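For reference, final12.tsv is printed below; it contains TSV, C-alpha atoms.
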chain	number	residue	atom	x	y	z
A	149	MET	CA	10.11	29.58	9.28
A	150	LEU	CA	11.21	27.02	11.87
A	151	GLN	CA	8.34	24.55	11.53
A	152	GLY	CA	8.08	21.25	9.71
A	153	PRO	CA	10.06	18.01	9.63
A	154	ILE	CA	13.84	18.21	9.63
A	155	LYS	CA	15.78	15.68	7.57
A	156	ASN	CA	19.52	15.38	7.53
A	157	GLY	CA	21.32	15.02	4.24
A	158	PRO	CA	24.67	13.47	3.40
A	159	ILE	CA	26.47	16.82	3.16
A	160	LEU	CA	29.68	17.03	5.21
A	161	ASN	CA	29.72	20.26	7.21
A	162	ALA	CA	32.82	21.87	8.72
A	163	MET	CA	33.09	22.07	12.50
A	164	SER	CA	35.61	24.55	13.87
A	165	VAL	CA	36.80	26.03	17.15
A	166	ASP	CA	38.56	29.38	17.52
A	167	ILE	CA	41.13	28.85	20.26
A	168	GLU	CA	41.44	32.02	22.29
A	169	ASP	CA	41.01	32.71	25.98
A	170	TRP	CA	38.15	34.58	27.64
A	171	PHE	CA	40.10	37.85	27.82
A	172	GLN	CA	41.18	37.86	24.16
A	173	VAL	CA	37.79	38.24	22.54
A	174	GLY	CA	36.66	41.12	20.35
A	175	ALA	CA	33.96	42.11	22.84
A	176	PHE	CA	36.64	43.08	25.38
A	177	GLU	CA	39.31	44.49	23.06
A	178	HIS	CA	38.68	48.04	24.31
A	179	THR	CA	38.25	46.98	27.93
A	180	ILE	CA	41.14	44.60	28.62
A	181	ASP	CA	44.58	45.82	27.57
A	182	ARG	CA	46.62	43.15	25.80
A	183	THR	CA	49.63	44.10	27.94
A	184	ASP	CA	47.66	42.64	30.88
A	185	TRP	CA	46.96	39.28	29.25
A	186	ASP	CA	49.83	37.44	30.92
A	187	SER	CA	48.65	38.55	34.36
A	188	LEU	CA	45.16	37.10	33.91
A	189	THR	CA	43.96	33.62	34.78
A	190	ARG	CA	44.23	31.40	31.73
A	191	ARG	CA	41.42	28.89	31.20
A	192	VAL	CA	42.00	28.04	27.54
A	193	GLU	CA	43.79	24.75	28.24
A	194	ARG	CA	41.10	23.22	30.46
A	195	ASN	CA	38.35	24.50	28.18
A	196	THR	CA	39.99	23.15	25.02
A	197	HIS	CA	40.38	19.73	26.62
A	198	ALA	CA	36.67	19.88	27.47
A	199	VAL	CA	35.92	20.60	23.80
A	200	ILE	CA	38.09	17.66	22.70
A	201	GLU	CA	36.15	15.41	25.11
A	202	MET	CA	32.85	16.72	23.72
A	203	PHE	CA	33.96	15.90	20.17
A	204	ASP	CA	35.11	12.44	21.31
A	205	ARG	CA	31.64	11.72	22.69
A	206	ALA	CA	30.10	12.70	19.37
A	207	GLY	CA	32.69	10.96	17.18
A	208	VAL	CA	33.50	14.25	15.42
A	209	LYS	CA	36.82	15.53	14.07
A	210	ALA	CA	37.13	19.30	13.79
A	211	THR	CA	39.52	22.15	13.06
A	212	PHE	CA	41.05	24.23	15.85
A	213	PHE	CA	41.97	27.73	14.61
A	214	THR	CA	44.51	28.70	17.25
A	215	LEU	CA	46.21	31.91	18.29
A	216	GLY	CA	50.00	31.88	18.18
A	217	TRP	CA	49.90	33.54	21.62
A	218	VAL	CA	48.16	30.43	22.99
A	219	ALA	CA	50.48	28.00	21.19
A	220	GLU	CA	53.51	29.82	22.59
A	221	ARG	CA	52.29	29.31	26.16
A	222	HIS	CA	50.60	25.92	25.81
A	223	PRO	CA	52.65	23.86	23.33
A	224	ALA	CA	51.49	20.54	24.82
A	225	LEU	CA	47.90	21.51	24.04
A	226	MET	CA	48.78	21.83	20.36
A	227	ARG	CA	50.11	18.27	20.34
A	228	ALA	CA	46.99	17.06	22.19
A	229	ILE	CA	44.74	18.57	19.51
A	230	VAL	CA	46.64	16.86	16.72
A	231	ASP	CA	47.00	13.56	18.59
A	232	ALA	CA	43.19	13.47	18.95
A	233	GLY	CA	42.86	13.55	15.14
A	234	HIS	CA	41.84	17.18	14.74
A	235	GLU	CA	43.27	19.77	12.37
A	236	LEU	CA	45.40	22.56	13.81
A	237	ALA	CA	45.11	25.82	11.86
A	238	SER	CA	46.10	29.47	12.30
A	239	HIS	CA	44.04	32.20	13.93
A	240	GLY	CA	46.85	34.76	13.78
A	241	TYR	CA	49.12	35.60	16.69
A	242	GLY	CA	47.32	37.91	19.11
A	243	HIS	CA	43.76	38.30	17.77
A	244	GLU	CA	44.61	41.44	15.82
A	245	ARG	CA	41.96	42.25	13.26
A	246	VAL	CA	43.39	42.08	9.75
A	247	PHE	CA	42.13	45.49	8.68
A	248	THR	CA	44.13	47.09	11.52
A	249	LEU	CA	47.41	45.70	10.12
A	250	SER	CA	49.57	46.64	7.18
A	251	PRO	CA	50.37	43.91	4.64
A	252	GLU	CA	53.91	43.71	6.03
A	253	VAL	CA	52.76	43.31	9.63
A	254	PHE	CA	50.11	40.78	8.60
A	255	SER	CA	52.77	38.72	6.82
A	256	ARG	CA	54.99	38.65	9.90
A	257	ASN	CA	52.00	37.86	12.10
A	258	ILE	CA	50.92	34.78	10.16
A	259	ASP	CA	54.49	33.57	9.62
A	260	ARG	CA	55.20	33.73	13.35
A	261	THR	CA	51.99	31.92	14.17
A	262	LYS	CA	52.52	29.16	11.60
A	263	LYS	CA	55.97	28.42	12.98
A	264	LEU	CA	54.71	28.29	16.58
A	265	LEU	CA	51.86	25.95	15.66
A	266	GLU	CA	53.97	23.63	13.54
A	267	ASP	CA	56.91	23.50	15.95
A	268	SER	CA	54.69	22.67	18.92
A	269	SER	CA	52.42	20.16	17.17
A	270	GLY	CA	54.61	18.51	14.54
A	271	ALA	CA	51.77	18.99	12.04
A	272	MET	CA	51.64	21.12	8.90
A	273	VAL	CA	49.36	24.16	9.03
A	274	THR	CA	47.46	24.89	5.80
A	275	GLY	CA	44.35	26.73	7.04
A	276	TYR	CA	43.77	30.24	8.36
A	277	ARG	CA	40.91	32.14	9.97
A	278	ALA	CA	41.14	35.88	10.55
A	279	PRO	CA	40.24	37.06	14.07
A	280	SER	CA	36.65	38.33	14.10
A	281	PHE	CA	36.29	37.37	10.41
A	282	SER	CA	38.25	40.52	9.59
A	283	ILE	CA	39.15	39.89	5.97
A	284	ASP	CA	36.80	42.13	4.03
A	285	LYS	CA	36.68	44.59	1.14
A	286	ARG	CA	39.33	46.74	2.87
A	287	THR	CA	41.94	43.98	2.72
A	288	PRO	CA	42.14	42.50	-0.80
A	289	TRP	CA	45.85	41.93	-0.19
A	290	ALA	CA	45.27	39.48	2.68
A	291	HIS	CA	44.15	36.58	0.49
A	292	GLU	CA	47.06	37.28	-1.85
A	293	ILE	CA	49.54	36.97	1.02
A	294	LEU	CA	47.91	33.75	2.23
A	295	ALA	CA	48.20	32.33	-1.29
A	296	GLU	CA	51.86	33.37	-1.53
A	297	ARG	CA	52.55	31.66	1.80
A	298	GLY	CA	51.07	28.39	0.53
A	299	TYR	CA	47.87	28.20	2.54
A	300	GLY	CA	45.27	25.84	1.09
A	301	TYR	CA	42.22	27.62	2.43
A	302	SER	CA	40.96	30.54	4.47
A	303	SER	CA	37.73	30.72	6.47
A	304	SER	CA	37.89	34.42	7.26
A	305	VAL	CA	34.86	36.06	5.67
A	306	ALA	CA	31.45	36.76	7.18
A	307	PRO	CA	29.21	37.59	4.18
A	308	VAL	CA	26.80	39.67	6.27
A	309	GLN	CA	26.83	43.08	7.89
A	310	SER	CA	26.92	43.37	11.67
A	311	ASP	CA	28.20	45.87	14.19
A	312	HIS	CA	31.25	43.67	14.76
A	313	TYR	CA	32.32	42.53	11.30
A	314	GLY	CA	31.08	41.76	7.82
A	315	TRP	CA	31.57	41.74	4.06
A	316	PRO	CA	27.98	41.59	2.76
A	317	GLU	CA	29.07	41.79	-0.89
A	318	ALA	CA	31.00	38.51	-0.62
A	319	GLY	CA	29.56	35.24	-1.82
A	320	ARG	CA	27.88	32.93	0.67
A	321	PHE	CA	29.78	29.84	-0.37
A	322	ALA	CA	33.32	28.79	-1.28
A	323	PHE	CA	35.12	30.94	-3.82
A	324	ARG	CA	38.62	31.49	-5.17
A	325	PRO	CA	39.77	34.94	-4.02
A	326	VAL	CA	43.08	35.00	-5.95
A	327	ASP	CA	43.25	34.38	-9.69
A	328	GLY	CA	45.63	31.59	-10.60
A	329	SER	CA	45.88	30.31	-7.03
A	330	ASP	CA	44.58	27.09	-5.47
A	331	LEU	CA	43.55	29.02	-2.32
A	332	ILE	CA	39.85	28.97	-1.56
A	333	GLU	CA	37.81	31.03	0.89
A	334	LEU	CA	35.13	29.25	2.93
A	335	PRO	CA	32.83	31.95	4.36
A	336	VAL	CA	31.10	31.29	7.65
A	337	THR	CA	27.53	30.11	7.15
A	338	THR	CA	24.60	32.42	6.51
A	339	ALA	CA	20.96	31.60	5.83
A	340	GLU	CA	18.40	33.48	3.76
A	341	PHE	CA	14.94	34.62	4.82
A	342	ALA	CA	12.65	37.17	3.13
A	343	GLY	CA	15.45	38.28	0.85
A	344	LYS	CA	17.90	38.95	3.67
A	345	ARG	CA	21.05	37.17	4.79
A	346	LEU	CA	21.15	36.03	8.38
A	347	ALA	CA	24.28	35.15	10.37
A	348	ALA	CA	23.92	31.46	11.22
A	349	GLY	CA	27.42	30.04	11.58
A	350	GLY	CA	27.63	29.68	15.35
A	351	GLY	CA	29.32	31.64	18.12
A	352	GLY	CA	27.21	34.18	19.96
A	353	TRP	CA	24.28	33.79	17.58
A	354	PHE	CA	24.12	30.09	18.39
A	355	ARG	CA	24.20	30.75	22.14
A	356	MET	CA	21.60	33.52	22.13
A	357	LEU	CA	19.05	32.27	19.59
A	358	PRO	CA	16.86	29.17	19.92
A	359	TYR	CA	18.47	25.93	18.79
A	360	ALA	CA	15.70	25.56	16.20
A	361	PHE	CA	17.08	28.53	14.27
A	362	SER	CA	20.48	26.91	13.76
A	363	ARG	CA	18.88	23.60	12.84
A	364	TRP	CA	16.70	25.35	10.27
A	365	ALA	CA	19.62	27.35	8.86
A	366	PHE	CA	21.94	24.38	8.37
A	367	ASN	CA	19.14	22.32	6.85
A	368	GLN	CA	18.50	25.16	4.41
A	369	VAL	CA	22.15	25.23	3.39
A	370	ASN	CA	22.46	21.43	3.17
A	371	GLN	CA	19.12	20.65	1.53
A	372	ARG	CA	18.03	23.66	-0.51
A	373	ASP	CA	21.48	24.90	-1.48
A	374	ALA	CA	23.20	21.46	-1.40
A	375	ARG	CA	26.30	23.06	0.13
A	376	PRO	CA	28.27	22.48	3.33
A	377	GLY	CA	27.85	24.71	6.34
A	378	ILE	CA	30.76	26.23	8.25
A	379	PHE	CA	30.22	26.33	12.03
A	380	TYR	CA	32.41	27.85	14.74
A	381	PHE	CA	32.50	28.43	18.48
A	382	HIS	CA	35.06	29.14	21.21
A	383	PRO	CA	36.23	27.08	24.21
A	384	TRP	CA	35.26	29.86	26.64
A	385	GLU	CA	31.64	29.50	25.45
A	386	ILE	CA	31.26	26.24	27.37
A	387	ASP	CA	32.80	27.73	30.54
A	388	PRO	CA	30.10	29.39	32.69
A	389	ASP	CA	32.57	29.72	35.60
A	390	GLN	CA	34.99	32.04	33.82
A	391	PRO	CA	35.84	35.43	35.37
A	392	ARG	CA	33.38	38.28	34.84
A	393	VAL	CA	34.54	41.62	33.45
A	394	SER	CA	32.13	43.83	35.36
A	395	HIS	CA	33.51	47.12	34.01
A	396	ALA	CA	32.93	46.18	30.35
A	397	PRO	CA	30.06	47.91	28.50
A	398	LEU	CA	26.67	46.26	28.96
A	399	LYS	CA	26.46	45.28	25.28
A	400	SER	CA	29.82	43.55	25.48
A	401	ARG	CA	28.83	41.68	28.62
A	402	LEU	CA	25.56	40.53	27.05
A	403	ARG	CA	27.40	39.41	23.92
A	404	HIS	CA	29.94	37.44	25.90
A	405	TYR	CA	28.08	35.93	28.86
A	406	THR	CA	24.56	35.15	27.60
A	407	ASN	CA	23.60	31.46	27.86
A	408	LEU	CA	27.09	30.13	28.67
A	409	SER	CA	25.58	27.49	30.94
A	410	ALA	CA	23.36	26.19	28.12
A	411	MET	CA	26.03	26.08	25.42
A	412	GLU	CA	27.47	22.60	25.91
A	413	ALA	CA	24.07	20.88	25.81
A	414	LYS	CA	23.15	22.84	22.64
A	415	MET	CA	26.45	21.81	21.08
A	416	ASP	CA	25.73	18.16	21.86
A	417	ARG	CA	22.45	18.51	19.94
A	418	MET	CA	24.10	20.23	16.99
A	419	LEU	CA	26.86	17.64	16.78
A	420	ALA	CA	24.30	14.83	16.72
A	421	ALA	CA	22.02	16.46	14.15
A	422	PHE	CA	24.40	16.85	11.19
A	423	GLU	CA	27.43	15.31	9.55
A	424	TRP	CA	30.63	17.08	10.64
A	425	GLY	CA	34.27	16.99	9.67
A	426	ARG	CA	37.46	19.02	9.63
A	427	VAL	CA	37.60	22.23	7.61
A	428	ASP	CA	40.46	20.93	5.46
A	429	SER	CA	38.29	17.96	4.42
A	430	VAL	CA	35.43	20.25	3.41
A	431	ALA	CA	37.90	22.56	1.63
A	432	GLU	CA	39.14	19.71	-0.54
A	433	LEU	CA	35.58	18.77	-1.50
A	434	GLU	CA	34.79	22.39	-2.35
A	435	LYS	CA	37.95	22.66	-4.48
A	436	LEU	CA	36.65	19.76	-6.56
A	437	ARG	CA	33.34	21.60	-6.96
A	438	LEU	CA	35.15	24.74	-8.10
A	439	ALA	CA	37.50	22.93	-10.50
As a first step, turn the structure in this file into structure tokens.
Amino acid sequence: MLQGPIKNGPILNAMSVDIEDWFQVGAFEHTIDRTDWDSLTRRVERNTHAVIEMFDRAGVKATFFTLGWVAERHPALMRAIVDAGHELASHGYGHERVFTLSPEVFSRNIDRTKKLLEDSSGAMVTGYRAPSFSIDKRTPWAHEILAERGYGYSSSVAPVQSDHYGWPEAGRFAFRPVDGSDLIELPVTTAEFAGKRLAAGGGGWFRMLPYAFSRWAFNQVNQRDARPGIFYFHPWEIDPDQPRVSHAPLKSRLRHYTNLSAMEAKMDRMLAAFEWGRVDSVAELEKLRLA
């Protein structure tokens, strides 16, 4: 599966970063109470600057899907992201999964976050990513609300099934989720092998699996399918010195801490191997394809 020559094509892939701190992740949502967040050591600012420097070395512009909670406490970081030429987009306010919210609460959540991001950065926010890819078949109203609020795209669907998230019935590539709307959904990348879909869009899978798997998966999407890939990771994933949550379940600790020290070098390889751009740029190209 992973053998043979690898050739890069001209396809522009979307590089994205989900801006949240080490204690805000889904793996610890039942271990760390959100009322304790403000008492914990924040590392998101230093780690995000390290990501910006990594992108500078590679000559890559990306999209930073950012929590409103982070923007509220680090407004200068929002300006730094935009000043470096990257896109600032919404990740919701406090990493609440969409299917745990009512439509009314979701609306308030994304409105609050959009205002925080735009006020702190001076840039318009047109993209959204649900925490933990939590737009799925339970939340058909979420895309409708995003369309009503004028968002240009969402990248909130994982078209696979896992223990953490998933909408396996969704399409693998860009689609219009709301009739009559310009909004498009850009699902995170999956690959196909032996008739099965495999999660291949980054994050923990990228850290834990051999680099050759991700290279193979993105070449499959670019070359066989002639479509862009959507990749994501988090700033805490390049921070091996972050605090350890020793009382978290073993599975959560394995999910969160495995191969942190190897992540930055693997990212350097991934950035050099393919063509990358901001998610809004890829969204515009995909809108032309869907027209």
*asked:* Calculated over only C-alpha atoms, which of the candidates A:His234, A:Lys285, A:His178, A:Arg426 has the smallest distance to A:Val305?
replied: A:Lys285
*asked:* Excluding A:Ala232 and its own-chain neighbours fewer than 2 positions away, which residues fall within 12 Å of it when counting only C-alpha atoms? Please give them as a list in words.
replied: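 Selected residues are Thr196, His197, Val199, Ile200, Glu201, Met202, Phe203, Asp204, Gly207, Val208, Lys209, Ala210, Thr211, Phe212, Leu225, Met226, Arg227, Ala228, Ile229, Val230, His234, Glu235, Leu236 and Ser269 of chain A.
Of note, atom CA of A:Pro251 and atom CA of A:His239 are spaced 16.2 Å apart.
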*Hey, can you pull every residue with an atom no more than 8 Å from (26.6, 27.0, 27.0), using all atoms listed in the file, and send it as a list in words?*
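Selection result: Arg355, Glu385, Ile386, Asp387, Pro388, Asn407, Leu408, Ser409, Ala410, Met411, Glu412, Ala413, Lys414 and Met415 of chain A.
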*List the neighbours of A:Pro279 out to 9 Å using only C-alpha atoms; skip same-chain residues closer than 6 positions along the sequence, and give me the result as an MDAnalysis selection string.*
chainID A and resid 166 173:174 215 239:240 242:246 304
*Which polymer residues have any atom within 12 Å of an atom of A:Asp428, counting all atoms listed in the file, with same-chain residues fewer than 6 positions away left out, as a PyMOL selection string?*
chain A and resi 160-164+209-213+234-237+272-276+299-303+331-334+378+434-435
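With all atoms listed in the file as the atoms that count, the minimum distance from A:Leu357 to the choices A:Ser187, A:Ala322, A:Arg403, A:Ala278 is reached by A:Arg403.
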*Contacts of A:Gly314 at 9 Å or less, counting all atoms listed in the file, minus same-chain residues fewer than 3 places along, as a list in words?*
Phe281, Ser282, Ile283, Asp284, Val305, Ala306, Pro307, Val308, Gln309, Ser310, Asp311 and Glu317 of chain A
Store the residues of this selection in a file with C-alpha atoms, as a PDB file, in the coordinates of the input.
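Listing of part.pdb after writing:
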ATOM      1  CA  PHE A 281      36.290  37.370  10.410  1.00  0.00           C
ATOM      2  CA  SER A 282      38.250  40.520   9.590  1.00  0.00           C
ATOM      3  CA  ILE A 283      39.150  39.890   5.970  1.00  0.00           C
ATOM      4  CA  ASP A 284      36.800  42.130   4.030  1.00  0.00           C
ATOM      5  CA  VAL A 305      34.860  36.060   5.670  1.00  0.00           C
ATOM      6  CA  ALA A 306      31.450  36.760   7.180  1.00  0.00           C
ATOM      7  CA  PRO A 307      29.210  37.590   4.180  1.00  0.00           C
ATOM      8  CA  VAL A 308      26.800  39.670   6.270  1.00  0.00           C
ATOM      9  CA  GLN A 309      26.830  43.080   7.890  1.00  0.00           C
ATOM     10  CA  SER A 310      26.920  43.370  11.670  1.00  0.00           C
ATOM     11  CA  ASP A 311      28.200  45.870  14.190  1.00  0.00           C
ATOM     12  CA  GLU A 317      29.070  41.790  -0.890  1.00  0.00           C
TER      13      GLU A 317
END
*Using only C-alpha atoms, pick whichever of A:Gly349, A:Gly298, A:Pro335, A:Pro223 has the shortest atom-to-atom distance to A:Gly319.*
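Ranking A:Gly349, A:Gly298, A:Pro335, A:Pro223 by distance to A:Gly319, first place goes to A:Pro335.
For A:Val326, the set of protein, DNA and RNA residues having any atom at most 10 Å away, when counting only C-alpha atoms and skipping those fewer than 2 positions along the same chain, is Pro288, Trp289, Ala290, His291, Glu292, Ile293, Leu294, Ala295, Glu296, Phe323, Arg324, Gly328, Ser329, Asp330, Leu331, Ile332 and Glu333 of chain A.
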*What does the distance between atom CA of A:Arg375 and atom CA of A:Leu433 come to in Å, to one decimal place?*
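Between atom CA of A:Arg375 and atom CA of A:Leu433 the gap is 10.4 Å.
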_Gap from atom CA of A:Thr214 to atom CA of A:Asp389 - Å, one decimal_ =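 About the pair atom CA of A:Thr214 and atom CA of A:Asp389: they are 21.9 Å apart.
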Hey, could you patch up stretch 365-388 of chain A with N, CA and C atoms and hand it over as a PDB file, keeping the file's coordinate frame?
ATOM      1  N   ALA A 365      18.645  26.719   9.746  1.00  0.00           N
ATOM      2  CA  ALA A 365      19.620  27.350   8.860  1.00  0.00           C
ATOM      3  C   ALA A 365      20.526  26.323   8.197  1.00  0.00           C
ATOM      4  N   PHE A 366      21.034  25.373   8.960  1.00  0.00           N
ATOM      5  CA  PHE A 366      21.940  24.380   8.370  1.00  0.00           C
ATOM      6  C   PHE A 366      21.177  23.414   7.465  1.00  0.00           C
ATOM      7  N   ASN A 367      19.932  23.123   7.777  1.00  0.00           N
ATOM      8  CA  ASN A 367      19.140  22.320   6.850  1.00  0.00           C
ATOM      9  C   ASN A 367      18.873  23.081   5.554  1.00  0.00           C
ATOM     10  N   GLN A 368      18.675  24.385   5.627  1.00  0.00           N
ATOM     11  CA  GLN A 368      18.500  25.160   4.410  1.00  0.00           C
ATOM     12  C   GLN A 368      19.745  25.067   3.534  1.00  0.00           C
ATOM     13  N   VAL A 369      20.896  25.257   4.140  1.00  0.00           N
ATOM     14  CA  VAL A 369      22.150  25.230   3.390  1.00  0.00           C
ATOM     15  C   VAL A 369      22.411  23.832   2.821  1.00  0.00           C
ATOM     16  N   ASN A 370      22.195  22.789   3.619  1.00  0.00           N
ATOM     17  CA  ASN A 370      22.460  21.430   3.170  1.00  0.00           C
ATOM     18  C   ASN A 370      21.441  20.940   2.142  1.00  0.00           C
ATOM     19  N   GLN A 371      20.169  21.237   2.360  1.00  0.00           N
ATOM     20  CA  GLN A 371      19.120  20.650   1.530  1.00  0.00           C
ATOM     21  C   GLN A 371      18.743  21.527   0.351  1.00  0.00           C
ATOM     22  N   ARG A 372      18.420  22.778   0.592  1.00  0.00           N
ATOM     23  CA  ARG A 372      18.030  23.660  -0.510  1.00  0.00           C
ATOM     24  C   ARG A 372      19.225  24.029  -1.384  1.00  0.00           C
ATOM     25  N   ASP A 373      20.316  24.425  -0.738  1.00  0.00           N
ATOM     26  CA  ASP A 373      21.480  24.900  -1.480  1.00  0.00           C
ATOM     27  C   ASP A 373      22.454  23.769  -1.829  1.00  0.00           C
ATOM     28  N   ALA A 374      22.314  22.608  -1.181  1.00  0.00           N
ATOM     29  CA  ALA A 374      23.200  21.460  -1.400  1.00  0.00           C
ATOM     30  C   ALA A 374      24.661  21.839  -1.203  1.00  0.00           C
ATOM     31  N   ARG A 375      24.943  22.613  -0.165  1.00  0.00           N
ATOM     32  CA  ARG A 375      26.300  23.060   0.130  1.00  0.00           C
ATOM     33  C   ARG A 375      26.625  22.775   1.594  1.00  0.00           C
ATOM     34  N   PRO A 376      27.895  22.694   1.929  1.00  0.00           N
ATOM     35  CA  PRO A 376      28.270  22.480   3.330  1.00  0.00           C
ATOM     36  C   PRO A 376      28.137  23.752   4.150  1.00  0.00           C
ATOM     37  N   GLY A 377      27.838  23.594   5.413  1.00  0.00           N
ATOM     38  CA  GLY A 377      27.850  24.710   6.340  1.00  0.00           C
ATOM     39  C   GLY A 377      29.190  24.795   7.046  1.00  0.00           C
ATOM     40  N   ILE A 378      29.526  25.991   7.515  1.00  0.00           N
ATOM     41  CA  ILE A 378      30.760  26.230   8.250  1.00  0.00           C
ATOM     42  C   ILE A 378      30.368  26.762   9.621  1.00  0.00           C
ATOM     43  N   PHE A 379      30.628  25.986  10.667  1.00  0.00           N
ATOM     44  CA  PHE A 379      30.220  26.330  12.030  1.00  0.00           C
ATOM     45  C   PHE A 379      31.445  26.627  12.877  1.00  0.00           C
ATOM     46  N   TYR A 380      31.294  27.552  13.830  1.00  0.00           N
ATOM     47  CA  TYR A 380      32.410  27.850  14.740  1.00  0.00           C
ATOM     48  C   TYR A 380      31.892  28.184  16.134  1.00  0.00           C
ATOM     49  N   PHE A 381      32.738  27.954  17.124  1.00  0.00           N
ATOM     50  CA  PHE A 381      32.500  28.430  18.480  1.00  0.00           C
ATOM     51  C   PHE A 381      33.842  28.531  19.186  1.00  0.00           C
ATOM     52  N   HIS A 382      33.837  28.923  20.459  1.00  0.00           N
ATOM     53  CA  HIS A 382      35.060  29.140  21.210  1.00  0.00           C
ATOM     54  C   HIS A 382      35.052  28.290  22.481  1.00  0.00           C
ATOM     55  N   PRO A 383      36.211  27.870  22.967  1.00  0.00           N
ATOM     56  CA  PRO A 383      36.230  27.080  24.210  1.00  0.00           C
ATOM     57  C   PRO A 383      35.628  27.805  25.408  1.00  0.00           C
ATOM     58  N   TRP A 384      35.804  29.126  25.490  1.00  0.00           N
ATOM     59  CA  TRP A 384      35.260  29.860  26.640  1.00  0.00           C
ATOM     60  C   TRP A 384      33.732  29.849  26.645  1.00  0.00           C
ATOM     61  N   GLU A 385      33.107  29.497  25.505  1.00  0.00           N
ATOM     62  CA  GLU A 385      31.640  29.500  25.450  1.00  0.00           C
ATOM     63  C   GLU A 385      31.011  28.336  26.189  1.00  0.00           C
ATOM     64  N   ILE A 386      31.810  27.334  26.558  1.00  0.00           N
ATOM     65  CA  ILE A 386      31.260  26.240  27.370  1.00  0.00           C
ATOM     66  C   ILE A 386      31.782  26.319  28.809  1.00  0.00           C
ATOM     67  N   ASP A 387      32.200  27.521  29.218  1.00  0.00           N
ATOM     68  CA  ASP A 387      32.800  27.730  30.540  1.00  0.00           C
ATOM     69  C   ASP A 387      32.010  28.791  31.316  1.00  0.00           C
ATOM     70  N   PRO A 388      30.907  28.399  31.954  1.00  0.00           N
ATOM     71  CA  PRO A 388      30.100  29.390  32.690  1.00  0.00           C
ATOM     72  C   PRO A 388      30.791  29.921  33.941  1.00  0.00           C
TER      73      PRO A 388
END
